[in-house]
Amino acid sequence: MDKDRIEGAAKQVKGAVKDMAGKVTGDTKLQAEGKADKAEGKVQNTVGGAKDKVRDATDTDR
């Protein structure tokens with residue numbers, strides 16, 4: 001598994017926590033940061049998945 005997938009998943013979780021904390025406290029800035037972190041994590045996770053697919057396709061040990 002590519003490190004981007006792991007880091008992306010972690011960013012998504014961090015973003016979800018910030019988003020929820022922003023909703024609960026009424027802090028729209030924190031909520032917006034959480035949404036941005038979730039989106040960034042999703043993109044990073046997708047990039048990591050693409051890297052995994054390329055690595056699997058070019059793996060000559062199979």
# chains A, B, ... in the order shown; residues from 1 in each chain; ligands from 1
>>> residues_around(residues="A:Lys38", least_positions_apart="6", cutoff="8 Å", atoms="only C-alpha atoms", output="number ranges by chain")
A: 11-16
>>> residues_around(residues="A:Lys3", least_positions_apart="6", cutoff="12 Å", atoms="only C-alpha atoms", output="list in words")
Ala9, Ala10, Gln44, Asn45, Thr46, Val47, Gly48, Gly49, Ala50, Lys51 and Asp52 of chain A
>>> atom_distance(atom1="atom CA of A:Ile6", atom2="atom CA of A:Leu30")
23.2 Å
>>> atom_distance(atom1="atom CA of A:Val24", atom2="atom CA of A:Ala36")
17.4 Å
>>> closest_residue(among="A:Met1, A:Asp19, A:Glu7, A:Asp59", to="A:Gly34", atoms="only C-alpha atoms")
A:Asp19
>>> atom_distance(atom1="atom CA of A:Gly8", atom2="atom CA of A:Lys42")
6.0 Å
